[in-house]
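Engineer: After the structure tokens below, expect a handful of questions from me.
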Amino acid sequence: TPEEMDAFVRKATMNAPRALIRRLDIISESFLKRGNHPYQDEIFAVSKKMIGPGAYFLNVNFEWGCTVRVGDTPRGPEMRRVLDWGTPGLGAKASMLRVHNTLGPWYTPSWPGFAGIVHGFAPKRFAVALNQAPLKKRTGLFVPDWLLAKHDVWKSQSGNMPVHLLRTVMETARTYDDAVDMLKRRRVCVHAIFSIVGTKPHEYCVLEREQDQVY
């Protein structure tokens with residue numbers, strides 16, 4: 001509901017002034033429109049339903065720190081994922097969604113008004129997860145380095161938001177190999193780390209993608 005979406009965004013951004021969130025919303029909306037990003041129609045629809053600002057900013061921000069491990073086990077390849085972020089409200093508002101499409105159902109934890117995904121599991125296909133890559137140290141100071149990284153994203157002329165690419169993979173990749181190929185070859189607009197496991201022994205890998213990098 002609009003009330004749930006608004007409450008979630010308010011909780012997640014409780015330490016930021018409303019005026020700042022409105023400004024970030026304007027910047028984020030412009031970024032989505034300029035890049036013709038997938039799922040932007042969903043995000044625009046969410047924004048219209050919300051009571052306050054934050055829908056656009058929510059959907060271009062994935063700076064949530066999660067722990068993930070992939071590898072072989074006696075039962076086969078396995079991914080272990082822990083939602084250990086500290087952003088207020090993300091844990092309490094998370095819901096497990098079961099999504100239906102032509103390739104079969106898949107599952108993802110998600111939040112009110114969030115169009116992308118940060119992890120997903122498709123039975124008999126694969127599981128994927130997204131992590132924020134380490135911040136590049138240019139000045140050695142967090143705030144200037146963070147702002148420079150955001151400026152690089154804003155300058156990106158092409159590429160998916162990693163959260164949108166991960167959703168596209170879940171919706172369209174038939175096999176582990178298809179998913180790996182998509183995660184390797186499609187441009188992303190921000191430095192990101194993807195982890196993926198399949199269903200057979202040794203079907204697992206971690207891919208670190210640079211902004212606008214092409215394999």
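By order of appearance in the structure tokens: chains A, B, ..., then residues from 1 within every chain, and ligands from 1 in the order shown.
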Run DSSP on the backbone of this structure and report the residues of chain A it assigns to helix (DSSP H, G or I), as an NGL selection string.

Structural biologist: :A and (2-12 or 18-35 or 40-49 or 55-60 or 142-155 or 162-172 or 176-185)

Engineer: Need the shell around Phe57 of chain A: protein/DNA/RNA residues with any atom at most 12 Å away, counting only C-alpha atoms. Skip same-chain ones fewer than 6 positions apart. Format as a list in words?

Structural biologist: Val9, Arg10, Ala12, Thr13, Leu20, Ile21, Arg22, Arg23, Leu24, Asp25, Ile26, Ile27, Ser28, Glu29, Ser30, Phe31, Leu32, Ile43, Phe44, Val46, Ser47, Glu63, Gly113, Phe114 and Ala115 of chain A

Engineer: Could you name the residues that touch Val99 of chain A at 10 Å or less, counting only C-alpha atoms, but leaving out those on the same chain fewer than 6 positions away, as a ChimeraX atom specification?

Structural biologist: /A:105-108,122,170-171

Engineer: Would you please work out which residue, of A:Asp178, A:Glu208, A:Asp41, A:Glu4, is nearest to Asn59 of chain A when using only C-alpha atoms?

Structural biologist: A:Asp41

Engineer: Name the residues in contact with segment 67-75 of chain A at a cut-off of 12 Å, using only C-alpha atoms, excluding same-chain residues fewer than 2 positions from it; report them as a VMD selection string.

Structural biologist: chain A and resid 64 to 65 77 to 85 118 to 119 126 to 132 193 to 207

Engineer: My list of candidates is A:Leu97, A:Val163, A:Ala19, A:Met14. Which is closest to Val60 of chain A when distances are computed with only C-alpha atoms?

Structural biologist: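 Closest to Val60 of chain A of all the choices is A:Val163.
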
Engineer: I need the residues in segment 29-135 of chain A that are strand (DSSP E) according to DSSP; give them as a PyMOL selection string.

Structural biologist: chain A and resi 67-73+76-82+95-99+106-110+119-122+126-132
